[in-house]
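Dropping protein-v1.tsv in here (TSV, C-alpha atoms):
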```
chain	number	residue	atom	x	y	z
P	1	MET	CA	2.35	2.06	-37.00
P	2	ASP	CA	5.91	3.40	-36.74
P	3	VAL	CA	8.42	1.95	-34.28
P	4	LYS	CA	9.03	5.36	-32.74
P	5	ASN	CA	5.34	5.88	-32.00
P	6	VAL	CA	4.97	2.41	-30.45
P	7	THR	CA	8.00	3.08	-28.26
P	8	ASP	CA	6.52	6.41	-27.22
P	9	ILE	CA	3.15	4.93	-26.24
P	10	ALA	CA	4.59	1.89	-24.46
P	11	LEU	CA	7.10	3.97	-22.49
P	12	THR	CA	4.50	6.58	-21.50
P	13	ALA	CA	2.21	3.83	-20.20
P	14	GLY	CA	5.13	2.30	-18.28
P	15	GLU	CA	6.11	5.68	-16.88
P	16	ILE	CA	2.60	6.32	-15.55
P	17	LEU	CA	2.58	2.86	-13.93
P	18	LEU	CA	5.99	3.35	-12.30
P	19	ALA	CA	5.22	6.88	-11.06
P	20	ASN	CA	2.02	5.65	-9.40
P	21	GLY	CA	3.57	2.74	-7.55
P	22	ALA	CA	2.71	-0.40	-9.57
P	23	GLU	CA	4.51	-3.71	-9.13
P	24	ASN	CA	7.50	-4.25	-11.46
P	25	TYR	CA	6.14	-7.41	-13.07
P	26	ARG	CA	2.99	-5.48	-14.01
P	27	ILE	CA	5.06	-2.70	-15.63
P	28	GLU	CA	7.19	-5.13	-17.65
P	29	GLY	CA	4.16	-7.18	-18.70
P	30	THR	CA	2.10	-4.15	-19.75
P	31	VAL	CA	4.91	-2.56	-21.79
P	32	SER	CA	5.74	-5.74	-23.71
P	33	LYS	CA	2.04	-6.47	-24.22
P	34	ILE	CA	1.50	-3.05	-25.83
P	35	CYS	CA	4.50	-3.64	-28.15
P	36	GLU	CA	3.22	-7.09	-29.07
P	37	SER	CA	-0.28	-5.89	-29.92
P	38	TYR	CA	1.22	-3.54	-32.55
P	39	GLY	CA	3.19	-6.45	-33.99
P	40	PHE	CA	6.66	-5.61	-32.63
P	41	ASN	CA	8.91	-7.68	-30.42
P	42	GLY	CA	9.71	-5.58	-27.36
P	43	GLU	CA	11.67	-6.39	-24.23
P	44	CYS	CA	11.27	-4.29	-21.10
P	45	LEU	CA	13.30	-4.00	-17.93
P	46	ALA	CA	11.82	-1.99	-15.06
P	47	MET	CA	13.91	-0.71	-12.18
P	48	SER	CA	12.96	1.15	-9.04
P	49	ASN	CA	13.40	4.56	-10.76
P	50	GLY	CA	13.40	3.99	-14.50
P	51	ILE	CA	12.35	1.81	-17.44
P	52	LEU	CA	14.43	0.41	-20.31
P	53	LEU	CA	12.70	-0.74	-23.50
P	54	SER	CA	14.48	-2.54	-26.36
P	55	ILE	CA	12.30	-2.95	-29.45
P	56	GLU	CA	13.05	-4.69	-32.73
P	57	ASP	CA	11.93	-2.90	-35.90
P	58	THR	CA	11.06	-4.38	-39.31
P	59	ASN	CA	14.72	-4.44	-40.50
P	60	SER	CA	15.55	-6.46	-37.32
P	61	GLU	CA	17.48	-3.49	-35.91
P	62	LYS	CA	17.18	-2.94	-32.20
P	63	ILE	CA	16.19	0.43	-30.80
P	64	THR	CA	16.66	0.97	-27.07
P	65	SER	CA	15.11	3.84	-25.19
P	66	MET	CA	14.95	4.77	-21.55
P	67	LYS	CA	12.71	6.80	-19.30
P	68	LYS	CA	13.58	7.98	-15.82
P	69	VAL	CA	10.92	8.64	-13.21
P	70	LYS	CA	11.77	11.05	-10.44
P	71	ASP	CA	8.84	11.68	-8.14
P	72	LYS	CA	6.78	8.67	-7.13
P	73	HIS	CA	3.56	8.44	-5.17
P	74	VAL	CA	0.81	5.88	-4.69
P	75	ASP	CA	-2.28	6.16	-6.88
P	76	LEU	CA	-4.28	2.98	-7.42
P	77	TYR	CA	-6.87	4.57	-9.73
P	78	ARG	CA	-4.36	5.40	-12.50
P	79	ILE	CA	-2.89	1.88	-12.33
P	80	GLU	CA	-6.37	0.51	-12.91
P	81	LEU	CA	-6.96	2.88	-15.86
P	82	ILE	CA	-3.66	1.85	-17.54
P	83	ASN	CA	-4.61	-1.78	-16.94
P	84	SER	CA	-7.87	-1.40	-18.86
P	85	PHE	CA	-6.08	0.73	-21.51
P	86	SER	CA	-3.61	-2.08	-22.26
P	87	ARG	CA	-6.44	-4.61	-22.31
P	88	ASN	CA	-8.33	-2.48	-24.87
P	89	ILE	CA	-5.21	-2.13	-27.04
P	90	GLU	CA	-4.74	-5.87	-27.00
P	91	ILE	CA	-8.26	-6.42	-28.39
P	92	GLU	CA	-8.23	-3.58	-30.90
P	93	PRO	CA	-5.02	-1.55	-31.62
P	94	LEU	CA	-5.72	2.20	-31.55
P	95	SER	CA	-4.04	4.73	-33.82
P	96	TYR	CA	-1.16	6.82	-32.45
P	97	ASP	CA	-3.19	10.00	-31.92
P	98	GLU	CA	-6.02	8.16	-30.19
P	99	ALA	CA	-3.68	6.24	-27.88
P	100	LYS	CA	-1.78	9.44	-27.06
P	101	LYS	CA	-5.06	11.18	-26.25
P	102	ASN	CA	-6.14	8.31	-24.00
P	103	LEU	CA	-2.83	8.44	-22.11
P	104	GLU	CA	-3.17	12.22	-21.65
P	105	GLU	CA	-6.68	11.68	-20.26
P	106	ILE	CA	-5.32	9.10	-17.81
P	107	LYS	CA	-2.64	11.58	-16.68
P	108	GLN	CA	-5.37	14.18	-16.07
P	109	ALA	CA	-7.69	11.68	-14.28
P	110	PRO	CA	-9.52	13.09	-11.26
P	111	ASN	CA	-7.93	13.00	-7.84
P	112	PHE	CA	-9.70	13.28	-4.52
P	113	THR	CA	-9.58	16.90	-3.39
P	114	MET	CA	-7.36	17.95	-0.50
P	115	ARG	CA	-10.43	18.39	1.73
P	116	VAL	CA	-11.72	14.85	1.12
P	117	ARG	CA	-8.26	13.38	1.73
P	118	THR	CA	-7.85	15.32	4.97
P	119	ILE	CA	-11.26	14.12	6.19
P	120	ALA	CA	-10.29	10.54	5.26
P	121	ALA	CA	-7.01	10.86	7.18
P	122	CYS	CA	-8.87	12.20	10.25
P	123	MET	CA	-11.42	9.38	10.09
P	124	THR	CA	-8.61	6.80	9.72
P	125	GLY	CA	-7.08	8.05	12.96
P	126	PHE	CA	-10.47	8.05	14.69
P	127	ILE	CA	-11.44	4.53	13.54
P	128	TYR	CA	-8.10	2.97	14.45
P	129	THR	CA	-8.05	4.63	17.87
P	130	LEU	CA	-11.41	2.99	18.58
P	131	PHE	CA	-10.17	-0.24	16.96
P	132	PHE	CA	-7.21	-0.43	19.37
P	133	ASN	CA	-9.55	-0.22	22.40
P	134	GLY	CA	-9.64	3.56	22.75
P	135	SER	CA	-12.59	5.56	24.08
P	136	ILE	CA	-14.56	8.18	22.12
P	137	ILE	CA	-12.57	11.05	23.72
P	138	ASP	CA	-9.32	9.42	22.56
P	139	GLY	CA	-10.81	9.25	19.09
P	140	LEU	CA	-11.68	12.95	19.09
P	141	ALA	CA	-8.12	13.82	20.17
P	142	SER	CA	-6.83	11.57	17.39
P	143	ILE	CA	-9.00	13.43	14.81
P	144	ILE	CA	-7.44	16.77	15.78
P	145	ILE	CA	-3.90	15.34	15.75
P	146	CYS	CA	-4.40	13.69	12.35
P	147	LEU	CA	-5.81	16.95	10.95
P	148	ILE	CA	-2.71	18.87	12.04
P	149	THR	CA	-0.25	16.17	11.02
P	150	TYR	CA	-1.73	15.44	7.60
P	151	THR	CA	-1.97	19.14	6.65
P	152	ILE	CA	1.62	19.84	7.68
P	153	PHE	CA	2.85	16.59	6.11
P	154	GLU	CA	1.34	17.47	2.71
P	155	LYS	CA	2.88	20.96	2.89
P	156	ILE	CA	6.32	19.57	3.80
P	157	SER	CA	6.32	16.93	1.06
P	158	GLN	CA	5.64	19.64	-1.56
P	159	LEU	CA	8.88	21.33	-0.47
P	160	GLY	CA	10.81	18.19	-1.45
P	161	PHE	CA	12.70	17.16	1.69
P	162	PHE	CA	14.26	13.76	2.16
P	163	GLN	CA	11.64	11.10	2.76
P	164	PHE	CA	13.27	10.02	6.03
P	165	LEU	CA	13.08	13.53	7.47
P	166	GLU	CA	9.42	13.96	6.47
P	167	PHE	CA	8.31	10.81	8.24
P	168	TYR	CA	10.57	11.50	11.23
P	169	LEU	CA	9.02	14.93	11.71
P	170	ALA	CA	5.50	13.51	11.30
P	171	GLY	CA	6.22	10.85	13.93
P	172	THR	CA	7.64	13.41	16.34
P	173	LEU	CA	4.61	15.63	15.81
P	174	ILE	CA	2.14	12.79	16.47
P	175	GLY	CA	3.98	11.70	19.61
P	176	GLY	CA	4.37	15.20	21.00
P	177	ALA	CA	0.78	16.24	20.26
P	178	SER	CA	-0.61	13.08	21.90
P	179	MET	CA	1.44	13.69	25.05
P	180	PHE	CA	0.30	17.30	25.06
P	181	SER	CA	-3.38	16.27	24.78
P	182	HIS	CA	-2.85	13.98	27.78
P	183	PHE	CA	-1.52	16.95	29.80
P	184	ILE	CA	-4.54	19.10	28.91
P	185	ILE	CA	-7.23	16.44	29.46
P	186	PRO	CA	-5.90	13.72	31.80
P	187	THR	CA	-8.67	11.22	30.85
P	188	ILE	CA	-7.12	10.83	27.39
P	189	ASN	CA	-4.95	7.72	27.11
P	190	GLN	CA	-2.03	8.94	24.98
P	191	HIS	CA	-0.94	5.41	23.98
P	192	ASN	CA	-4.25	4.69	22.24
P	193	VAL	CA	-4.12	8.05	20.46
P	194	ILE	CA	-0.59	7.39	19.13
P	195	THR	CA	-1.34	3.85	17.89
P	196	GLY	CA	-4.43	5.13	16.06
P	197	ALA	CA	-2.81	8.20	14.56
P	198	ILE	CA	0.33	6.52	13.15
P	199	MET	CA	-1.86	4.42	10.84
P	200	ILE	CA	-2.04	7.34	8.38
P	201	LEU	CA	1.74	7.12	7.90
P	202	LEU	CA	1.82	3.38	7.22
P	203	PRO	CA	3.44	2.48	3.83
P	204	GLY	CA	0.96	-0.30	3.04
P	205	VAL	CA	1.15	-0.30	-0.77
P	206	VAL	CA	4.96	-0.21	-0.97
P	207	LEU	CA	5.33	-3.06	1.53
P	208	THR	CA	2.82	-5.41	-0.13
P	209	ASN	CA	4.16	-4.60	-3.62
P	210	GLY	CA	7.64	-5.48	-2.38
P	211	ILE	CA	6.36	-8.86	-1.19
P	212	LYS	CA	4.66	-9.51	-4.54
P	213	ASP	CA	7.79	-8.55	-6.47
P	214	VAL	CA	9.96	-10.94	-4.46
P	215	LEU	CA	7.34	-13.62	-5.06
P	216	CYS	CA	7.54	-13.13	-8.84
P	217	GLY	CA	11.32	-13.52	-8.79
P	218	ASP	CA	12.11	-9.82	-9.20
P	219	PHE	CA	14.41	-9.62	-6.21
P	220	SER	CA	16.13	-6.31	-6.93
P	221	ALA	CA	12.84	-4.39	-7.10
P	222	GLY	CA	11.30	-6.33	-4.22
P	223	VAL	CA	14.20	-5.74	-1.85
P	224	ALA	CA	14.38	-2.05	-2.85
P	225	LYS	CA	10.68	-1.57	-2.05
P	226	PHE	CA	10.97	-3.55	1.16
P	227	CYS	CA	13.89	-1.34	2.27
P	228	GLU	CA	11.92	1.80	1.42
P	229	ALA	CA	9.02	0.64	3.57
P	230	MET	CA	11.36	-0.33	6.41
P	231	ILE	CA	13.02	3.12	6.31
P	232	VAL	CA	9.60	4.77	6.58
P	233	ILE	CA	8.59	2.55	9.51
P	234	THR	CA	11.93	3.13	11.27
P	235	ALA	CA	11.63	6.89	10.77
P	236	VAL	CA	8.12	6.99	12.26
P	237	GLY	CA	9.23	4.80	15.17
P	238	LEU	CA	12.28	6.98	15.81
P	239	GLY	CA	10.16	10.12	15.72
P	240	ILE	CA	7.71	8.74	18.26
P	241	GLY	CA	10.60	7.47	20.36
P	242	THR	CA	12.16	10.93	20.36
P	243	SER	CA	9.05	12.67	21.62
P	244	LEU	CA	8.41	9.91	24.20
P	245	PHE	CA	12.01	10.25	25.37
P	246	ILE	CA	11.75	14.02	25.75
P	247	VAL	CA	8.49	13.82	27.69
P	248	LEU	CA	9.43	10.86	29.91
P	249	LYS	CA	12.98	11.95	30.75
P	250	GLY	CA	12.82	15.69	30.37
P	251	LEU	CA	9.87	16.50	32.60
Z	1	MET	CA	-18.35	-6.92	20.35
Z	2	LEU	CA	-17.48	-8.90	17.22
Z	3	PHE	CA	-20.04	-6.90	15.23
Z	4	LYS	CA	-18.63	-3.60	16.45
Z	5	MET	CA	-15.05	-4.64	15.64
Z	6	THR	CA	-16.09	-5.90	12.19
Z	7	LEU	CA	-17.80	-2.61	11.45
Z	8	LEU	CA	-14.68	-0.76	12.60
Z	9	ALA	CA	-12.52	-3.01	10.41
Z	10	PHE	CA	-14.82	-2.26	7.45
Z	11	LEU	CA	-14.54	1.50	7.99
Z	12	GLY	CA	-10.85	1.15	8.75
Z	13	SER	CA	-10.27	-0.30	5.29
Z	14	VAL	CA	-12.49	2.24	3.53
Z	15	PHE	CA	-10.88	5.44	4.83
Z	16	PRO	CA	-7.13	4.69	4.30
Z	17	VAL	CA	-7.81	3.68	0.69
Z	18	ILE	CA	-9.13	7.17	-0.07
Z	19	LEU	CA	-5.59	8.42	0.67
Z	20	PHE	CA	-4.37	6.09	-2.12
Z	21	ASN	CA	-6.94	7.50	-4.62
Z	22	ILE	CA	-9.17	4.64	-5.70
Z	23	ASP	CA	-12.12	4.37	-8.11
Z	24	ARG	CA	-15.19	5.60	-6.21
Z	25	LYS	CA	-17.40	2.66	-7.25
Z	26	LYS	CA	-15.03	0.05	-5.80
Z	27	ILE	CA	-14.59	1.50	-2.31
Z	28	ILE	CA	-17.25	-0.80	-0.81
Z	29	TRP	CA	-15.46	-3.95	-2.04
Z	30	CYS	CA	-12.26	-2.76	-0.30
Z	31	GLY	CA	-14.20	-2.41	2.95
Z	32	LEU	CA	-15.52	-5.97	2.59
Z	33	ALA	CA	-11.92	-7.24	2.22
Z	34	GLY	CA	-10.98	-5.66	5.56
Z	35	ALA	CA	-14.10	-6.99	7.30
Z	36	LEU	CA	-13.50	-10.52	5.94
Z	37	GLY	CA	-9.87	-10.48	7.07
Z	38	TRP	CA	-10.86	-9.36	10.55
Z	39	ILE	CA	-13.61	-12.03	10.89
Z	40	VAL	CA	-11.19	-14.81	9.91
Z	41	TYR	CA	-8.55	-13.34	12.25
Z	42	SER	CA	-10.89	-13.30	15.27
Z	43	ILE	CA	-12.29	-16.79	14.62
Z	44	ILE	CA	-8.79	-18.32	14.40
Z	45	LEU	CA	-7.66	-16.25	17.40
Z	46	SER	CA	-10.48	-17.68	19.55
Z	47	ILE	CA	-9.50	-21.25	18.50
Z	48	THR	CA	-5.69	-21.16	18.63
Z	49	ASP	CA	-5.05	-18.15	20.93
Z	50	SER	CA	-2.00	-17.18	18.85
Z	51	SER	CA	-1.95	-13.81	17.08
Z	52	VAL	CA	0.80	-14.95	14.66
Z	53	ILE	CA	-1.21	-17.86	13.23
Z	54	SER	CA	-4.42	-15.82	13.10
Z	55	SER	CA	-2.65	-13.00	11.23
Z	56	PHE	CA	-1.42	-15.58	8.74
Z	57	PHE	CA	-4.93	-16.91	8.10
Z	58	GLY	CA	-6.39	-13.40	7.99
Z	59	ALA	CA	-3.92	-12.31	5.30
Z	60	PHE	CA	-4.52	-15.61	3.47
Z	61	ALA	CA	-8.30	-15.00	3.36
Z	62	VAL	CA	-7.88	-11.36	2.28
Z	63	ASN	CA	-5.62	-12.30	-0.61
Z	64	ILE	CA	-7.83	-15.16	-1.83
Z	65	TYR	CA	-10.79	-12.75	-1.79
Z	66	SER	CA	-8.85	-10.06	-3.67
Z	67	GLU	CA	-7.56	-12.46	-6.35
Z	68	PHE	CA	-11.09	-13.69	-7.02
Z	69	MET	CA	-12.54	-10.16	-7.05
Z	70	ALA	CA	-9.75	-9.09	-9.42
Z	71	ARG	CA	-10.82	-11.79	-11.87
Z	72	ILE	CA	-14.53	-10.94	-11.51
Z	73	ILE	CA	-14.37	-7.12	-11.82
Z	74	LYS	CA	-11.20	-7.20	-14.00
Z	75	THR	CA	-8.97	-4.86	-11.97
Z	76	PRO	CA	-5.50	-5.35	-10.42
Z	77	ALA	CA	-5.67	-7.40	-7.22
Z	78	SER	CA	-3.70	-4.76	-5.28
Z	79	MET	CA	-6.95	-2.69	-5.15
Z	80	PHE	CA	-8.33	-5.09	-2.56
Z	81	TYR	CA	-5.52	-6.63	-0.56
Z	82	VAL	CA	-3.81	-3.33	0.30
Z	83	PRO	CA	-6.78	-1.98	2.31
Z	84	GLY	CA	-7.65	-5.51	3.45
Z	85	ILE	CA	-4.51	-6.04	5.52
Z	86	PHE	CA	-4.73	-2.65	7.26
Z	87	PRO	CA	-6.75	-3.97	10.27
Z	88	LEU	CA	-4.25	-6.84	10.70
Z	89	VAL	CA	-1.21	-4.57	11.06
Z	90	PRO	CA	0.43	-5.08	14.50
Z	91	GLY	CA	0.20	-1.42	15.57
Z	92	ILE	CA	0.00	-2.00	19.32
Z	93	THR	CA	2.93	-4.44	19.58
Z	94	ALA	CA	5.14	-2.21	17.41
Z	95	TYR	CA	4.31	0.74	19.64
Z	96	SER	CA	5.01	-1.27	22.81
Z	97	THR	CA	8.46	-2.06	21.40
Z	98	VAL	CA	9.22	1.66	21.01
Z	99	ILE	CA	7.96	2.41	24.54
Z	100	ALA	CA	10.07	-0.38	26.04
Z	101	LEU	CA	13.14	0.86	24.15
Z	102	VAL	CA	12.62	4.39	25.48
Z	103	GLN	CA	12.26	3.07	29.02
Z	104	THR	CA	15.48	0.99	28.50
Z	105	ASP	CA	13.56	-2.20	29.30
Z	106	PHE	CA	15.35	-4.33	26.74
Z	107	THR	CA	13.86	-7.72	27.68
Z	108	VAL	CA	10.34	-6.50	26.96
Z	109	ALA	CA	11.58	-4.66	23.87
Z	110	LEU	CA	13.13	-7.85	22.46
Z	111	ASN	CA	9.98	-9.82	23.25
Z	112	LYS	CA	7.63	-7.34	21.63
Z	113	GLY	CA	10.00	-6.67	18.73
Z	114	ILE	CA	10.21	-10.34	17.82
Z	115	LEU	CA	6.41	-10.63	18.11
Z	116	THR	CA	6.00	-7.66	15.75
Z	117	LEU	CA	8.42	-9.18	13.24
Z	118	ALA	CA	6.67	-12.56	13.49
Z	119	ILE	CA	3.23	-11.03	12.83
Z	120	GLY	CA	4.61	-9.01	9.90
Z	121	GLY	CA	6.26	-12.10	8.48
Z	122	ALA	CA	3.07	-14.13	8.93
Z	123	ILE	CA	1.07	-11.53	6.96
Z	124	ALA	CA	3.71	-11.51	4.19
Z	125	PHE	CA	3.78	-15.30	4.08
Z	126	GLY	CA	-0.03	-15.49	3.98
Z	127	ILE	CA	-0.10	-13.19	0.95
Z	128	MET	CA	2.71	-15.16	-0.74
Z	129	LEU	CA	1.19	-18.60	-0.19
Z	130	SER	CA	-2.33	-17.67	-1.30
Z	131	SER	CA	-1.23	-15.86	-4.46
Z	132	THR	CA	0.99	-18.80	-5.39
Z	133	ILE	CA	-1.95	-21.20	-4.93
Z	134	VAL	CA	-4.30	-18.99	-6.97
Z	135	ARG	CA	-1.72	-18.67	-9.76
Z	136	LEU	CA	-1.14	-22.44	-9.75
Z	137	ILE	CA	-4.88	-23.14	-10.06
Z	138	SER	CA	-5.37	-20.59	-12.84
Z	139	ASN	CA	-2.35	-22.00	-14.73
Z	140	ILE	CA	-3.78	-25.53	-14.48
Z	141	ILE	CA	-7.17	-24.30	-15.80
Z	142	CYS	CA	-5.49	-22.41	-18.68
Z	143	ASN	CA	-3.36	-25.43	-19.68
Z	144	LYS	CA	-6.40	-27.72	-19.64
Z	145	GLY	CA	-8.21	-25.39	-22.04
Z	146	ARG	CA	-5.22	-25.43	-24.38
Z	147	THR	CA	-4.78	-29.22	-24.54
Z	148	ILE	CA	-8.49	-29.89	-25.02
```
Target format structure tokens, applied to this file:
Amino acid sequence: MDVKNVTDIALTAGEILLANGAENYRIEGTVSKICESYGFNGECLAMSNGILLSIEDTNSEKITSMKKVKDKHVDLYRIELINSFSRNIEIEPLSYDEAKKNLEEIKQAPNFTMRVRTIAACMTGFIYTLFFNGSIIDGLASIIICLITYTIFEKISQLGFFQFLEFYLAGTLIGGASMFSHFIIPTINQHNVITGAIMILLPGVVLTNGIKDVLCGDFSAGVAKFCEAMIVITAVGLGIGTSLFIVLKGL
Amino acid sequence: MLFKMTLLAFLGSVFPVILFNIDRKKIIWCGLAGALGWIVYSIILSITDSSVISSFFGAFAVNIYSEFMARIIKTPASMFYVPGIFPLVPGITAYSTVIALVQTDFTVALNKGILTLAIGGAIAFGIMLSSTIVRLISNIICNKGRTI
């Protein structure tokens, strides 16, 4: 197979991994493994928003190519599909057209529908409100608040705001709505509702991937991910603090 | 009480992972990771009475479980430990810090803030230590196979 085609396949696989929130050592390993299984010597460097691949062709000339990834989100299913794709290629190298078709199929892999995700977000709020010693009524209030917050949050993130502002607004909304539910029905404990509902905003994947990257010696990526998670947590905390401040001091 | 909390921890690991789009057949294994982490957490908590040490052991158990499941079902380990640590997250202490800051009660805020950081660090250290141990063991097994 041609060097250009190998570069194309390896970089596309790396791009899918990076866009769906994989760890950096997994991206670098997968890309060089794909190059190796076609008999080329490839070196890969993954950063927080792009991949560099330097590959040596048969005349021992080096070709370097780069791919930048703009919008990132977390999708564990596609990471798993790319993982099995690279394992298959290692056992039996596919032709260019077949590999390209497989990668296109992975890009089009099914997502959970918006309705299922909204229900899951509502149930997360409900379960964690009960988990943090809330009563059933607190849980029901948390379901309604999560429904509102998650729907608005998905709409806002499609507009493409800054990440900090998105999470700040979501935190403010959760805090304000919980206080408001306490004013309507005084038996609701607003603290339990807030602790349950903020669990849907928690950046779990980014934080644990940052830890794993630091562990594997990839400090630049690990610290970048850790900072991203900390900014999200700070934004949510600030948002809740704002609404608490307004309610406690303003009324 | 323990049964109810374990069931809640199971469900509490199943639902957040749907937001991260996971393979439908593996959802139940994610739930088991959360339940296992919570059981270990509550056992250690009843012995030592320290939420930092119990969070450490909870995260340790979750990561050992996920590394082994990753080798059995042949998927990335992040499938299992990401939902597994959700029930261990110090939500209440983090929230108490924010409340104390708003009420300008800085002594309590410092107390709770350091506790939150300690629990977070314990979870991170639990994941680090267990994945290092698993990698060490698998390296030793691989090297043995090569020399023999």
Determine, counting only C-alpha atoms, which protein, DNA and RNA residues have an atom within 12 Å of an atom of Tyr95 (chain Z); residues of the same chain fewer than 6 positions away are not included. Present the result as a count of residues only.
-> 31
Give me, please, the distance in Å between CA of Asp75 (chain P) and CA of Ile127 (chain P), quoted to one decimal.
->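 Separation of CA of Asp75 (chain P) and CA of Ile127 (chain P): 22.4 Å.
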Contact table chain P vs chain Z, cut-off 8 Å, shortest pair per residue, only C-alpha atoms, as a tab-separated table:
```
residue	atom	partner	partner_atom	distance
P:Val74	CA	Z:Phe20	CA	5.8
P:Asp75	CA	Z:Phe20	CA	5.2
P:Leu76	CA	Z:Ile22	CA	5.4
P:Tyr77	CA	Z:Ile22	CA	4.6
P:Ile79	CA	Z:Pro76	CA	7.9
P:Glu80	CA	Z:Thr75	CA	6.0
P:Asn83	CA	Z:Thr75	CA	7.3
P:Ser84	CA	Z:Thr75	CA	7.8
P:Asn111	CA	Z:Asn21	CA	6.4
P:Phe112	CA	Z:Asn21	CA	6.4
P:Arg117	CA	Z:Leu19	CA	5.7
P:Ala120	CA	Z:Phe15	CA	5.2
P:Ala121	CA	Z:Pro16	CA	6.8
P:Met123	CA	Z:Phe15	CA	6.6
P:Thr124	CA	Z:Phe15	CA	5.6
P:Ile127	CA	Z:Gly12	CA	5.9
P:Tyr128	CA	Z:Gly12	CA	6.6
P:Leu130	CA	Z:Leu8	CA	7.8
P:Phe131	CA	Z:Leu8	CA	6.3
P:Phe132	CA	Z:Ile92	CA	7.4
P:Thr195	CA	Z:Gly91	CA	6.0
P:Met199	CA	Z:Gly91	CA	7.8
P:Ile200	CA	Z:Pro16	CA	7.0
P:Gly204	CA	Z:Val82	CA	6.3
P:Val205	CA	Z:Val82	CA	5.9
P:Thr208	CA	Z:Val82	CA	7.0
P:Ile211	CA	Z:Ala124	CA	6.6
P:Lys212	CA	Z:Met128	CA	7.1
P:Leu215	CA	Z:Met128	CA	6.5
P:Gly237	CA	Z:Val98	CA	6.6
P:Ile240	CA	Z:Val98	CA	7.7
P:Gly241	CA	Z:Val98	CA	6.0
P:Leu244	CA	Z:Val102	CA	7.1
P:Phe245	CA	Z:Val102	CA	5.9
```
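Between Met1 (chain Z) and the candidates P:Ser65, P:Asn133, P:Ser32, P:Asn5, the tightest atom-to-atom separation, counting all atoms listed in the file, involves P:Asn133.
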Could you give me, as a count of residues only, the residues within 9 Å of Gly37 (chain Z), counting all atoms listed in the file and dropping anything in the same chain fewer than 4 positions from it?
-> 17
If you count all atoms listed in the file, which residues fall within 10 Å of Ser86 (chain P), apart from same-chain ones fewer than 6 positions away, as a list in words?
-> Ala10, Ala13, Gly29, Thr30, Val31, Lys33, Ile34, Ser37, Glu92 and Pro93 of chain P
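Distance check against Gly176 (chain P) using only C-alpha atoms: of P:Ala109, P:Leu202, P:Val214, P:Val247, the minimum falls on P:Val247.
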Just give me the gap between CA of Phe219 (chain P) and CA of Ile231 (chain P) in Å, one decimal is fine.
-> 17.9 Å
Between CA of Lys70 (chain P) and CA of Gly50 (chain P), measure the distance and give it in Å to one decimal.
->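 Calculated distance between CA of Lys70 (chain P) and CA of Gly50 (chain P) is 8.3 Å.
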For a cut-off of 9 Å around (2.0, -13.1, 14.8), file coordinates, pick out all residues using only C-alpha atoms and list them as a compact mmCIF listing (two decimals) with C-alpha atoms, keeping the file's coordinate frame.
```
# COMPACT_ATOMS: atom_id res chain seq x y z
CA SER Z 50 -2.00 -17.18 18.85
CA SER Z 51 -1.95 -13.81 17.08
CA VAL Z 52 0.80 -14.95 14.66
CA ILE Z 53 -1.21 -17.86 13.23
CA SER Z 54 -4.42 -15.82 13.10
CA SER Z 55 -2.65 -13.00 11.23
CA PHE Z 56 -1.42 -15.58 8.74
CA PRO Z 90 0.43 -5.08 14.50
CA LEU Z 115 6.41 -10.63 18.11
CA THR Z 116 6.00 -7.66 15.75
CA LEU Z 117 8.42 -9.18 13.24
CA ALA Z 118 6.67 -12.56 13.49
CA ILE Z 119 3.23 -11.03 12.83
CA GLY Z 120 4.61 -9.01 9.90
CA GLY Z 121 6.26 -12.10 8.48
CA ALA Z 122 3.07 -14.13 8.93
CA ILE Z 123 1.07 -11.53 6.96
```
Residue nearest Leu94 (chain P) among P:Gly250, P:Ile106, P:Gly222, P:Ile9 (counting only C-alpha atoms) =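 Distance minimum relative to Leu94 (chain P) lands on P:Ile9.
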Might I get the box with edges along x, y and z of the file that holds all atoms of region 14-28 of chain Z listed there, padded by 5 Å on every side, given as centre and edge lengths in Å to one decimal, as AutoDock Vina command-line options?
```
--center_x -10.9 --center_y 3.8 --center_z -1.6 --size_x 23.0 --size_y 19.2 --size_z 22.9
```
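Here the selection is built from all atoms listed in the file, and the residues within 10 Å of (13.1, -2.1, -16.3) turn out to be Gly14, Leu18, Asn24, Tyr25, Ile27, Glu28, Val31, Glu43, Cys44, Leu45, Ala46, Met47, Ser48, Asn49, Gly50, Ile51, Leu52, Leu53, Met66, Lys67 and Ala221 of chain P.
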From the list P:Phe126, P:Phe183, P:Phe167, P:Tyr96, which residue is nearest Leu147 (chain P) when using all atoms listed in the file?
->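 So, comparing all the options, the nearest one is P:Phe126.
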